[in-house]
$ cat input-v6.txt   # compact mmCIF, C-alpha atoms
# COMPACT_ATOMS: atom_id res chain seq x y z
CA MET A 20 92.11 137.02 102.37
CA ALA A 21 95.74 136.55 103.28
CA THR A 22 98.18 139.42 103.03
CA ALA A 23 101.31 139.01 100.93
CA THR A 24 104.44 139.40 103.03
CA ALA A 25 107.01 140.03 100.29
CA THR A 26 108.98 143.27 100.38
CA ALA A 27 109.58 143.12 96.61
CA SER A 28 107.35 142.59 93.57
CA SER A 29 107.40 139.40 91.51
CA ALA A 30 109.29 141.24 88.78
CA GLU A 31 111.94 142.45 91.24
CA ILE A 32 112.36 138.95 92.69
CA VAL A 33 112.71 137.46 89.19
CA GLU A 34 115.35 140.08 88.34
CA LEU A 35 117.31 139.18 91.50
CA PHE A 36 117.29 135.49 90.51
CA GLN A 37 118.47 136.28 87.01
CA LYS A 38 121.51 138.04 88.46
CA TYR A 39 122.50 135.59 91.18
CA VAL A 40 120.82 132.16 90.87
CA VAL A 41 122.00 129.35 88.57
CA PRO A 42 119.32 129.05 85.84
CA ASN A 43 118.97 125.26 86.01
CA TYR A 44 115.20 125.37 86.50
CA ASN A 45 112.48 126.58 84.15
CA ARG A 46 110.46 128.93 86.34
CA TYR A 47 107.18 130.77 85.82
CA PRO A 48 107.36 134.54 86.51
CA VAL A 49 105.44 134.24 89.76
CA ALA A 50 107.02 134.73 93.21
CA LEU A 51 105.14 132.84 95.91
CA VAL A 52 105.28 134.27 99.41
CA ARG A 53 102.71 132.39 101.47
CA GLY A 54 100.77 129.13 101.53
CA GLN A 55 97.88 127.72 103.53
CA GLY A 56 96.29 124.38 102.76
CA SER A 57 95.79 124.16 99.00
CA TRP A 58 96.11 127.92 98.47
CA VAL A 59 99.23 129.97 97.77
CA TRP A 60 99.66 133.74 97.34
CA ASP A 61 102.13 135.62 95.16
CA ALA A 62 104.01 138.81 95.97
CA GLU A 63 101.14 140.92 94.66
CA GLY A 64 98.58 139.16 96.87
CA ASN A 65 97.01 137.09 94.09
CA ARG A 66 95.65 133.74 95.29
CA TYR A 67 96.18 130.43 93.43
CA LEU A 68 94.65 126.99 93.91
CA ASP A 69 97.58 124.56 94.00
CA PHE A 70 97.06 121.13 92.38
CA PHE A 71 100.82 120.44 92.31
CA PRO A 72 101.99 121.66 95.73
CA GLY A 73 105.71 121.39 96.26
CA TRP A 74 106.17 118.94 93.37
CA GLY A 75 104.22 116.46 95.46
CA CYS A 76 106.06 117.21 98.70
CA ASN A 77 103.13 119.09 100.26
CA LEU A 78 100.77 116.12 100.43
CA LEU A 79 99.11 117.70 103.48
CA GLY A 80 98.88 121.13 101.86
CA HIS A 81 100.98 124.16 102.62
CA CYS A 82 102.00 124.68 106.24
CA PRO A 83 99.90 121.90 107.86
CA GLU A 84 99.33 122.96 111.44
CA PRO A 85 100.45 119.74 113.24
CA VAL A 86 103.72 119.74 111.28
CA VAL A 87 104.30 123.45 111.90
CA GLN A 88 103.71 123.02 115.63
CA ALA A 89 106.00 119.98 115.86
CA VAL A 90 108.83 121.78 114.06
CA GLN A 91 108.37 124.99 116.06
CA GLN A 92 108.64 123.06 119.32
CA GLN A 93 111.59 120.98 118.16
CA VAL A 94 113.57 123.89 116.70
CA ALA A 95 113.65 125.53 120.13
CA GLU A 96 115.02 122.37 121.77
CA LEU A 97 117.48 120.69 119.39
CA ILE A 98 117.97 121.45 115.69
CA HIS A 99 120.72 119.08 114.62
CA VAL A 100 123.07 116.49 116.05
CA PRO A 101 125.23 114.07 114.05
CA ASN A 102 124.34 110.42 113.73
CA THR A 103 127.12 109.53 116.14
CA TRP A 104 124.48 110.12 118.85
CA TYR A 105 121.02 108.74 119.47
CA THR A 106 117.87 110.88 119.42
CA GLU A 107 114.44 109.87 120.63
CA ALA A 108 112.70 111.42 117.61
CA GLN A 109 114.60 109.40 114.98
CA GLY A 110 113.85 106.11 116.72
CA GLU A 111 110.15 106.95 117.07
CA TRP A 112 110.00 107.96 113.39
CA ALA A 113 111.59 104.69 112.25
CA LYS A 114 109.12 102.74 114.41
CA ALA A 115 106.15 104.62 112.94
CA LEU A 116 107.24 103.90 109.35
CA SER A 117 108.11 100.28 110.07
CA GLU A 118 104.72 99.60 111.68
CA ARG A 119 102.87 101.05 108.68
CA SER A 120 104.88 99.13 106.10
CA PHE A 121 106.58 95.72 106.18
CA GLY A 122 108.32 95.83 109.55
CA GLY A 123 111.75 96.81 108.23
CA LEU A 124 114.56 99.00 109.51
CA ALA A 125 115.09 102.61 108.43
CA PHE A 126 118.04 104.63 107.13
CA PHE A 127 117.34 108.37 106.92
CA CYS A 128 118.63 110.92 104.41
CA ASN A 129 117.36 114.15 102.86
CA SER A 130 115.91 113.42 99.42
CA GLY A 131 114.63 110.78 97.05
CA ALA A 132 117.87 110.70 95.06
CA GLU A 133 119.83 110.06 98.27
CA ALA A 134 117.43 107.30 99.27
CA ASN A 135 117.86 105.61 95.90
CA GLU A 136 121.65 105.95 96.08
CA ALA A 137 121.46 104.13 99.41
CA ALA A 138 119.29 101.42 97.83
CA ILE A 139 121.74 100.93 94.94
CA LYS A 140 124.66 100.57 97.36
CA LEU A 141 122.71 98.25 99.65
CA ALA A 142 121.80 95.94 96.75
CA ARG A 143 125.43 95.67 95.65
CA LEU A 144 126.71 95.22 99.19
CA HIS A 145 124.15 92.53 100.00
CA THR A 146 124.74 90.35 96.95
CA PRO A 147 127.95 88.51 95.89
CA LYS A 148 130.67 90.62 94.23
CA GLU A 149 129.97 89.31 90.75
CA ARG A 150 126.36 90.46 91.01
CA TYR A 151 126.27 94.20 90.46
CA LYS A 152 123.68 94.85 87.74
CA ILE A 153 120.39 96.52 88.56
CA ILE A 154 117.35 96.33 86.29
CA THR A 155 115.22 99.49 86.09
CA PHE A 156 112.36 100.47 83.79
CA ARG A 157 111.91 102.79 80.83
CA GLY A 158 109.97 105.88 81.74
CA GLY A 159 111.03 105.59 85.37
CA PHE A 160 112.54 108.40 87.41
CA HIS A 161 114.83 107.89 90.40
CA GLY A 162 116.63 111.22 90.91
CA ARG A 163 119.46 113.32 89.52
CA THR A 164 122.62 112.21 91.31
CA MET A 165 124.87 110.08 89.09
CA GLY A 166 123.70 106.70 90.37
CA ALA A 167 120.06 107.71 90.49
CA VAL A 168 120.07 109.39 87.09
CA THR A 169 121.75 106.35 85.55
CA ALA A 170 118.96 104.26 87.06
CA THR A 171 116.51 106.63 85.38
CA ALA A 172 115.90 105.00 82.00
CA GLN A 173 115.19 108.19 80.08
CA PRO A 174 117.91 109.21 77.57
CA LYS A 175 117.04 112.92 77.86
CA TYR A 176 118.41 112.94 81.42
CA HIS A 177 121.70 111.30 80.34
CA GLU A 178 122.61 113.76 77.59
CA GLY A 179 126.05 115.25 78.15
CA LEU A 180 126.71 113.30 81.35
CA GLY A 181 128.37 110.18 79.98
CA PRO A 182 129.88 107.81 80.67
CA MET A 183 127.06 106.74 82.95
CA LEU A 184 127.54 104.44 85.95
CA PRO A 185 128.03 100.87 84.67
CA GLY A 186 125.71 98.05 85.64
CA PHE A 187 122.22 99.35 84.85
CA VAL A 188 119.97 97.66 82.31
CA TYR A 189 116.53 98.84 81.28
CA ALA A 190 113.31 96.92 80.73
CA PRO A 191 109.93 98.03 79.35
CA PHE A 192 107.66 99.02 82.26
CA GLY A 193 105.00 96.38 82.81
CA ASP A 194 106.68 93.73 80.63
CA LEU A 195 107.48 90.81 82.91
CA GLU A 196 108.83 88.51 80.23
CA ALA A 197 111.22 91.14 78.87
CA THR A 198 112.45 91.73 82.41
CA ARG A 199 113.08 88.04 82.92
CA LYS A 200 115.25 87.92 79.78
CA LEU A 201 117.54 90.63 81.18
CA VAL A 202 118.41 88.64 84.32
CA ASP A 203 121.79 86.94 84.24
CA GLY A 204 124.47 85.79 86.69
CA GLU A 205 125.56 89.40 87.27
CA THR A 206 122.13 90.74 88.25
CA ALA A 207 121.78 91.92 91.84
CA ALA A 208 118.43 93.70 92.01
CA ILE A 209 115.35 95.18 90.38
CA LEU A 210 114.40 98.80 91.14
CA VAL A 211 110.92 99.95 90.14
CA GLU A 212 108.30 102.57 90.89
CA PRO A 213 105.04 100.71 91.68
CA ILE A 214 103.31 103.53 89.78
CA GLN A 215 105.49 105.69 87.54
CA GLY A 216 105.10 109.38 88.40
CA GLU A 217 107.34 111.58 86.28
CA GLY A 218 106.95 108.98 83.52
CA GLY A 219 103.28 109.92 83.13
CA ILE A 220 101.29 108.34 86.01
CA ASN A 221 101.66 104.84 84.56
CA ILE A 222 99.82 102.15 86.54
CA PRO A 223 100.93 98.56 85.79
CA ASP A 224 98.66 95.54 85.37
CA ARG A 225 97.89 93.79 88.66
CA ASP A 226 100.17 90.83 87.94
CA PHE A 227 103.31 92.85 87.13
CA LEU A 228 104.64 93.61 90.64
CA PRO A 229 103.77 90.13 92.02
CA GLY A 230 105.55 88.75 88.96
CA LEU A 231 108.68 90.77 89.80
CA ARG A 232 108.49 89.47 93.38
CA ALA A 233 108.37 85.87 92.13
CA LEU A 234 111.24 86.50 89.71
CA CYS A 235 113.42 87.99 92.47
CA ASP A 236 112.65 85.11 94.83
CA GLU A 237 113.48 82.60 92.11
CA GLN A 238 116.77 84.27 91.09
CA GLY A 239 117.92 85.53 94.50
CA LEU A 240 117.54 89.22 93.56
CA VAL A 241 116.75 92.19 95.79
CA LEU A 242 113.36 93.76 94.94
CA MET A 243 113.38 97.52 95.54
CA PHE A 244 110.36 99.82 95.24
CA ASP A 245 110.89 103.53 94.68
CA GLU A 246 107.94 105.08 96.53
CA VAL A 247 109.39 108.58 96.59
CA GLN A 248 106.31 109.96 94.82
CA THR A 249 103.71 107.32 95.69
CA GLY A 250 104.59 107.00 99.34
CA CYS A 251 102.99 107.95 102.60
CA GLY A 252 99.35 108.00 101.59
CA ARG A 253 99.20 109.62 98.17
CA THR A 254 97.53 106.65 96.49
CA GLY A 255 95.00 106.06 99.28
CA GLU A 256 97.16 103.41 100.98
CA TRP A 257 100.22 104.20 103.05
CA PHE A 258 102.36 102.83 100.23
CA ALA A 259 101.44 102.00 96.63
CA TYR A 260 102.73 98.43 96.86
CA GLN A 261 99.89 97.73 99.29
CA HIS A 262 97.43 97.98 96.37
CA PHE A 263 99.12 95.04 94.68
CA GLY A 264 99.47 92.52 97.52
CA VAL A 265 103.24 92.29 97.24
CA THR A 266 106.06 93.30 99.58
CA PRO A 267 109.49 94.63 98.53
CA ASP A 268 112.84 93.96 100.19
CA VAL A 269 113.74 97.64 100.08
CA MET A 270 111.59 100.78 99.78
CA THR A 271 112.70 104.38 99.25
CA LEU A 272 110.75 107.44 100.43
CA ALA A 273 111.01 111.25 100.32
CA LYS A 274 108.86 114.10 98.95
CA SER A 275 105.78 114.02 101.24
CA LEU A 276 107.56 112.09 104.00
CA CYS A 277 107.83 115.13 106.32
CA GLY A 278 104.84 117.21 105.26
CA GLY A 279 106.96 119.64 103.25
CA ILE A 280 110.14 119.58 105.36
CA ALA A 281 113.13 117.99 103.58
CA GLY A 282 113.52 114.32 104.47
CA GLY A 283 114.16 110.96 102.84
CA ALA A 284 114.33 107.38 103.98
CA LEU A 285 115.18 103.85 102.97
CA LEU A 286 113.35 100.97 104.62
CA CYS A 287 114.69 97.45 104.25
CA LYS A 288 113.93 94.01 105.59
CA LYS A 289 115.87 93.22 108.76
CA GLU A 290 118.04 90.57 107.12
CA LEU A 291 119.38 93.11 104.57
CA ALA A 292 120.13 95.91 107.02
CA PRO A 293 123.55 94.65 108.28
CA SER A 294 124.94 94.95 104.72
CA LEU A 295 124.76 98.75 104.99
CA ARG A 296 127.49 98.57 107.60
CA PRO A 297 129.18 101.54 109.34
CA GLY A 298 131.40 103.53 107.00
CA MET A 299 129.70 102.40 103.80
CA HIS A 300 126.99 105.05 103.66
CA ALA A 301 125.80 108.14 105.53
CA ALA A 302 123.83 111.38 105.29
CA THR A 303 124.99 114.21 107.53
CA PHE A 304 121.57 115.76 108.03
CA GLY A 305 119.64 112.51 107.62
CA GLY A 306 117.09 111.82 110.35
CA ASN A 307 117.75 115.11 112.13
CA PRO A 308 115.31 116.03 114.92
CA LEU A 309 113.40 118.57 112.81
CA ALA A 310 112.73 116.13 109.97
CA ALA A 311 111.91 113.35 112.42
CA ARG A 312 109.36 115.40 114.35
CA ALA A 313 107.84 116.64 111.09
CA GLY A 314 107.65 113.08 109.75
CA ILE A 315 105.96 111.77 112.90
CA ALA A 316 103.48 114.66 112.88
CA ALA A 317 102.65 114.08 109.19
CA LEU A 318 101.87 110.40 109.76
CA GLN A 319 99.76 111.23 112.80
CA MET A 320 97.84 113.92 110.90
CA ILE A 321 96.95 111.46 108.13
CA GLU A 322 95.51 109.07 110.71
CA ASP A 323 93.78 111.67 112.87
CA GLU A 324 92.01 113.25 109.90
CA ASN A 325 91.27 109.98 108.07
CA LEU A 326 93.09 111.27 105.01
CA LEU A 327 93.73 107.91 103.35
CA ASP A 328 89.99 107.57 102.76
CA GLN A 329 89.80 111.21 101.70
CA ALA A 330 92.52 110.61 99.10
CA LYS A 331 90.56 107.66 97.70
CA ALA A 332 87.35 109.74 97.52
CA LEU A 333 89.17 112.58 95.78
CA GLY A 334 90.65 110.11 93.31
CA ASP A 335 87.17 108.80 92.49
CA LEU A 336 85.95 112.37 91.90
CA PHE A 337 88.85 113.26 89.55
CA LEU A 338 88.45 109.96 87.67
CA ASP A 339 84.70 110.44 87.19
CA GLU A 340 84.97 114.06 86.09
CA PHE A 341 87.82 113.67 83.63
CA THR A 342 86.53 110.36 82.24
CA SER A 343 83.23 112.11 81.50
CA LEU A 344 85.07 115.04 79.95
CA GLN A 345 86.99 112.62 77.75
CA GLN A 346 83.71 111.90 75.92
CA GLU A 347 83.55 115.59 74.92
CA CYS A 348 87.24 116.33 74.27
CA ALA A 349 89.01 114.34 71.60
CA ILE A 350 92.37 115.67 72.82
CA ILE A 351 92.06 113.60 76.04
CA LYS A 352 93.68 110.28 75.20
CA GLY A 353 93.50 108.68 78.64
CA VAL A 354 92.85 109.31 82.33
CA ARG A 355 94.91 107.50 84.99
CA VAL A 356 94.14 107.96 88.68
CA ARG A 357 95.16 106.33 91.95
CA GLY A 358 94.18 108.43 94.95
CA VAL A 359 95.55 111.95 94.58
CA MET A 360 97.98 110.88 91.85
CA ILE A 361 96.31 111.94 88.62
CA GLY A 362 97.46 111.85 85.01
CA ILE A 363 95.53 113.12 81.98
CA GLU A 364 97.21 112.06 78.75
CA LEU A 365 96.62 114.35 75.79
CA THR A 366 97.05 114.00 72.05
CA ILE A 367 98.62 117.48 72.04
CA GLU A 368 101.37 119.27 73.96
CA GLY A 369 100.29 120.09 77.50
CA ALA A 370 102.31 123.29 78.05
CA PRO A 371 99.54 125.62 76.75
CA LEU A 372 97.10 124.00 79.20
CA VAL A 373 99.46 124.65 82.11
CA LYS A 374 99.80 128.29 81.02
CA ALA A 375 96.02 128.68 80.60
CA CYS A 376 95.39 127.29 84.08
CA LEU A 377 98.05 129.57 85.58
CA GLU A 378 96.32 132.55 83.96
CA ARG A 379 93.14 131.38 85.72
CA ASN A 380 94.95 131.03 89.09
CA LEU A 381 95.29 127.23 89.08
CA LEU A 382 98.72 125.59 89.38
CA ILE A 383 99.21 122.25 87.57
CA ASN A 384 102.11 120.40 85.95
CA CYS A 385 102.82 118.68 82.65
CA THR A 386 105.22 115.73 82.32
CA GLN A 387 106.52 113.84 79.29
CA GLY A 388 105.27 116.72 77.15
CA ASN A 389 101.65 115.57 76.95
CA VAL A 390 100.52 114.30 80.36
CA LEU A 391 98.90 116.77 82.74
CA ARG A 392 100.09 115.63 86.17
CA LEU A 393 98.14 116.58 89.28
CA LEU A 394 99.44 115.78 92.77
CA PRO A 395 97.02 117.75 94.97
CA ALA A 396 97.01 117.62 98.74
CA MET A 397 95.09 114.71 100.23
CA ASN A 398 93.18 117.17 102.43
CA LEU A 399 91.97 119.14 99.41
CA SER A 400 88.23 119.72 99.91
CA GLN A 401 85.67 118.41 97.43
CA GLU A 402 84.67 122.03 96.77
CA GLN A 403 88.26 123.01 95.95
CA ALA A 404 88.61 119.92 93.76
CA ARG A 405 85.49 120.86 91.78
CA GLN A 406 86.71 124.46 91.49
CA GLY A 407 90.00 123.33 89.95
CA ILE A 408 88.35 120.74 87.73
CA GLU A 409 86.05 123.45 86.37
CA ILE A 410 89.04 125.61 85.44
CA MET A 411 90.84 122.68 83.81
CA SER A 412 87.71 121.58 81.95
CA ALA A 413 87.24 125.04 80.47
CA ALA A 414 90.87 125.12 79.33
CA LEU A 415 90.67 121.61 77.86
CA LYS A 416 87.50 122.48 75.93
CA LEU A 417 89.19 125.58 74.51
CA ALA A 418 92.20 123.51 73.48
CA ASP A 419 89.94 120.86 71.97
CA ALA A 420 88.27 123.55 69.87
CA GLY A 421 91.64 124.88 68.75
CA LYS A 422 91.07 128.15 70.59
CA LEU A 423 93.98 127.97 73.02
CA SER A 424 97.13 129.83 72.08
CA PRO A 425 100.41 127.90 72.40
$ encode --input "input-v6.txt" --output "structure tokens"
Amino acid sequence: MATATATASSAEIVELFQKYVVPNYNRYPVALVRGQGSWVWDAEGNRYLDFFPGWGCNLLGHCPEPVVQAVQQQVAELIHVPNTWYTEAQGEWAKALSERSFGGLAFFCNSGAEANEAAIKLARLHTPKERYKIITFRGGFHGRTMGAVTATAQPKYHEGLGPMLPGFVYAPFGDLEATRKLVDGETAAILVEPIQGEGGINIPDRDFLPGLRALCDEQGLVLMFDEVQTGCGRTGEWFAYQHFGVTPDVMTLAKSLCGGIAGGALLCKKELAPSLRPGMHAATFGGNPLAARAGIAALQMIEDENLLDQAKALGDLFLDEFTSLQQECAIIKGVRVRGVMIGIELTIEGAPLVKACLERNLLINCTQGNVLRLLPAMNLSQEQARQGIEIMSAALKLADAGKLSP
């Protein structure tokens, strides 16, 4: 068993935060000090199975060895240089992403919100001046900077921030005809998550994304896929759009892109790239050698360990187990799974289930109030998956019987 390395207790760490850290996050009273694979340990040495590692950033588990080794080697050679110089690592990273997607060019940044800001600017720069509107979808999530949060069609994230950035219009997710009606002479682009994550793991019908592609081709619009949560293998393909047989003009990435190291990227078709001309956009730390080496190592690890297939197999296991459980638990309204992107929609609030699992040393998440969201590592073992499912099943049965305290 691993040894906790903290010099303070969880209670002491929480007290320190309360004195000096802005309270803009809801946090559980647990201080994590170490992680390995799908396990994490708190300051007291308690071990937890993590089904929501790093908010989806740790797709390869905590501290994946190839990524750790790549960063350790790089940090001793060159940590950061500005993008006024070339580095071998950034070029190799762009090549690796391009070859696994649609052959586009890469712009690197540090987060999903930054990547989507770049996409918004690219769409406006690439289209005529009078075309500035961008269509996004209700329930979507694109980040918390002003452009990205305006693109996020969820009123709760706009409260108190107005006026929002002009030029965004919102369509119902999955409704092609409603989307078509929003297009006018001022529309520049459509921005969509191929599978909505924060919105509740919403998977569209098979004809929706191809329909958006046809609409954009017909109207001369830029089609942009936000793959910040779905990207780099989570769904069992490198990118979620590859499940639907359709290719975007622009794709944004972050979260798992660097195996837990901060990193974001925009990929665009070659003909769009010149519109993001020098001086129009930048990210000081974007594409730095540490992120680049981590990103290359993460991609290589997925291939070396055949993790795309493992993600698909894990998805099948979660789908089978929770679909079966749905027959026993009336509170389970629906089960939505694509690889290691799992949503369990409930007829009740999900917060008590999250708390019950935490008390049983399993970390999960709830989104939209009633959807249990699991984003486990794609190298989670079948044994670990069954262990976590057993804990969740017990909690769900208690809740179904009305025996779980809020």
$ residues_around --input "input-v6.txt" --residues "Glu364 (chain A)" --least-positions-apart "2" --cutoff "8 Å" --atoms "all atoms listed in the file" --output "list in words"
Gly219, Ile351, Lys352, Gly353, Val354, Gly362, Thr366, Asn389, Val390 and Leu391 of chain A
$ residues_around --input "input-v6.txt" --residues "Glu84 (chain A)" --least-positions-apart "4" --cutoff "12 Å" --atoms "all atoms listed in the file" --output "MDAnalysis selection string"
chainID A and resid 54:56 79:80 88:91 278:279 313 316:317 319:320
$ closest_residue --input "input-v6.txt" --among "A:Ala284, A:Leu68, A:Leu291, A:Val359" --to "Leu377 (chain A)" --atoms "all atoms listed in the file"
A:Leu68
$ closest_residue --input "input-v6.txt" --among "A:Leu415, A:Met299, A:Ile361, A:Ala311" --to "Glu107 (chain A)" --atoms "only C-alpha atoms"
A:Ala311
$ atom_distance --input "input-v6.txt" --atom1 "CA of Gly407 (chain A)" --atom2 "CA of Asn380 (chain A)"
9.2 Å
$ closest_residue --input "input-v6.txt" --among "A:Gly250, A:Gly255, A:Gly282, A:Gly264" --to "Leu228 (chain A)" --atoms "all atoms listed in the file"
A:Gly264
$ closest_residue --input "input-v6.txt" --among "A:Leu51, A:Ala273, A:Val202, A:Val41" --to "His161 (chain A)" --atoms "only C-alpha atoms"
A:Ala273
$ atom_distance --input "input-v6.txt" --atom1 "CA of Thr171 (chain A)" --atom2 "CA of Gly159 (chain A)"
5.6 Å
$ residues_near_point --input "input-v6.txt" --point "(108.6, 94.1, 91.7)" --cutoff "9 Å" --atoms "all atoms listed in the file" --output "list of chain:residue names"
A:Ile209, A:Leu210, A:Val211, A:Glu212, A:Pro213, A:Phe227, A:Leu228, A:Pro229, A:Gly230, A:Leu231, A:Arg232, A:Ala233, A:Leu234, A:Cys235, A:Leu242, A:Met243, A:Phe244, A:Tyr260, A:Val265, A:Thr266, A:Pro267
$ closest_residue --input "input-v6.txt" --among "A:Val94, A:Glu205, A:Val356, A:Gly131" --to "Ile222 (chain A)" --atoms "all atoms listed in the file"
A:Val356
$ closest_residue --input "input-v6.txt" --among "A:Leu399, A:Ala370, A:Ala349, A:Leu35" --to "Gly334 (chain A)" --atoms "only C-alpha atoms"
A:Leu399
$ atom_distance --input "input-v6.txt" --atom1 "CA of Ile98 (chain A)" --atom2 "CA of Gly110 (chain A)"
15.9 Å
$ residues_near_point --input "input-v6.txt" --point "(108.0, 114.8, 76.3)" --cutoff "10 Å" --atoms "all atoms listed in the file" --output "PDB file with C-alpha atoms, keeping the file's coordinate frame"
ATOM      1  CA  LYS A 175     117.040 112.920  77.860  1.00  0.00           C
ATOM      2  CA  GLY A 218     106.950 108.980  83.520  1.00  0.00           C
ATOM      3  CA  GLY A 219     103.280 109.920  83.130  1.00  0.00           C
ATOM      4  CA  GLU A 368     101.370 119.270  73.960  1.00  0.00           C
ATOM      5  CA  GLY A 369     100.290 120.090  77.500  1.00  0.00           C
ATOM      6  CA  CYS A 385     102.820 118.680  82.650  1.00  0.00           C
ATOM      7  CA  THR A 386     105.220 115.730  82.320  1.00  0.00           C
ATOM      8  CA  GLN A 387     106.520 113.840  79.290  1.00  0.00           C
ATOM      9  CA  GLY A 388     105.270 116.720  77.150  1.00  0.00           C
ATOM     10  CA  ASN A 389     101.650 115.570  76.950  1.00  0.00           C
ATOM     11  CA  VAL A 390     100.520 114.300  80.360  1.00  0.00           C
TER      12      VAL A 390
END
$ residues_around --input "input-v6.txt" --residues "region 29-32 of chain A" --least-positions-apart "5" --cutoff "10 Å" --atoms "only C-alpha atoms" --output "list in words"
Gln37, Pro48, Val49, Ala50, Leu51, Val52, Asp61, Ala62 and Glu63 of chain A
$ residues_around --input "input-v6.txt" --residues "Cys348 (chain A)" --least-positions-apart "4" --cutoff "9 Å" --atoms "all atoms listed in the file" --output "MDAnalysis selection string"
chainID A and resid 344 352 415:416 418:420
$ build_atoms --input "input-v6.txt" --residues "region 75-90 of chain A" --atoms "N, CA and C atoms" --output "compact mmCIF listing (two decimals), keeping the file's coordinate frame"
# COMPACT_ATOMS: atom_id res chain seq x y z
N GLY A 75 104.68 117.66 94.77
CA GLY A 75 104.22 116.46 95.46
C GLY A 75 104.69 116.36 96.89
N CYS A 76 105.55 117.28 97.32
CA CYS A 76 106.06 117.21 98.70
C CYS A 76 104.98 117.63 99.71
N ASN A 77 104.13 118.56 99.32
CA ASN A 77 103.13 119.09 100.26
C ASN A 77 101.84 118.28 100.18
N LEU A 78 101.93 117.02 100.49
CA LEU A 78 100.77 116.12 100.43
C LEU A 78 99.69 116.53 101.43
N LEU A 79 100.07 117.24 102.47
CA LEU A 79 99.11 117.70 103.48
C LEU A 79 98.78 119.18 103.29
N GLY A 80 99.09 119.72 102.13
CA GLY A 80 98.88 121.13 101.86
C GLY A 80 100.04 121.96 102.39
N HIS A 81 99.92 123.25 102.18
CA HIS A 81 100.98 124.16 102.62
C HIS A 81 100.82 124.43 104.12
N CYS A 82 101.94 124.34 104.82
CA CYS A 82 102.00 124.68 106.24
C CYS A 82 100.95 123.96 107.09
N PRO A 83 100.87 122.62 107.03
CA PRO A 83 99.90 121.90 107.86
C PRO A 83 100.18 122.14 109.34
N GLU A 84 99.15 122.48 110.07
CA GLU A 84 99.33 122.96 111.44
C GLU A 84 100.07 121.96 112.35
N PRO A 85 99.72 120.66 112.35
CA PRO A 85 100.45 119.74 113.24
C PRO A 85 101.95 119.68 112.94
N VAL A 86 102.30 119.77 111.65
CA VAL A 86 103.72 119.74 111.28
C VAL A 86 104.40 121.03 111.71
N VAL A 87 103.74 122.15 111.49
CA VAL A 87 104.30 123.45 111.90
C VAL A 87 104.54 123.47 113.41
N GLN A 88 103.57 123.01 114.17
CA GLN A 88 103.71 123.02 115.63
C GLN A 88 104.85 122.10 116.09
N ALA A 89 104.95 120.92 115.47
CA ALA A 89 106.00 119.98 115.86
C ALA A 89 107.38 120.56 115.58
N VAL A 90 107.53 121.21 114.42
CA VAL A 90 108.83 121.78 114.06
C VAL A 90 109.14 122.98 114.95
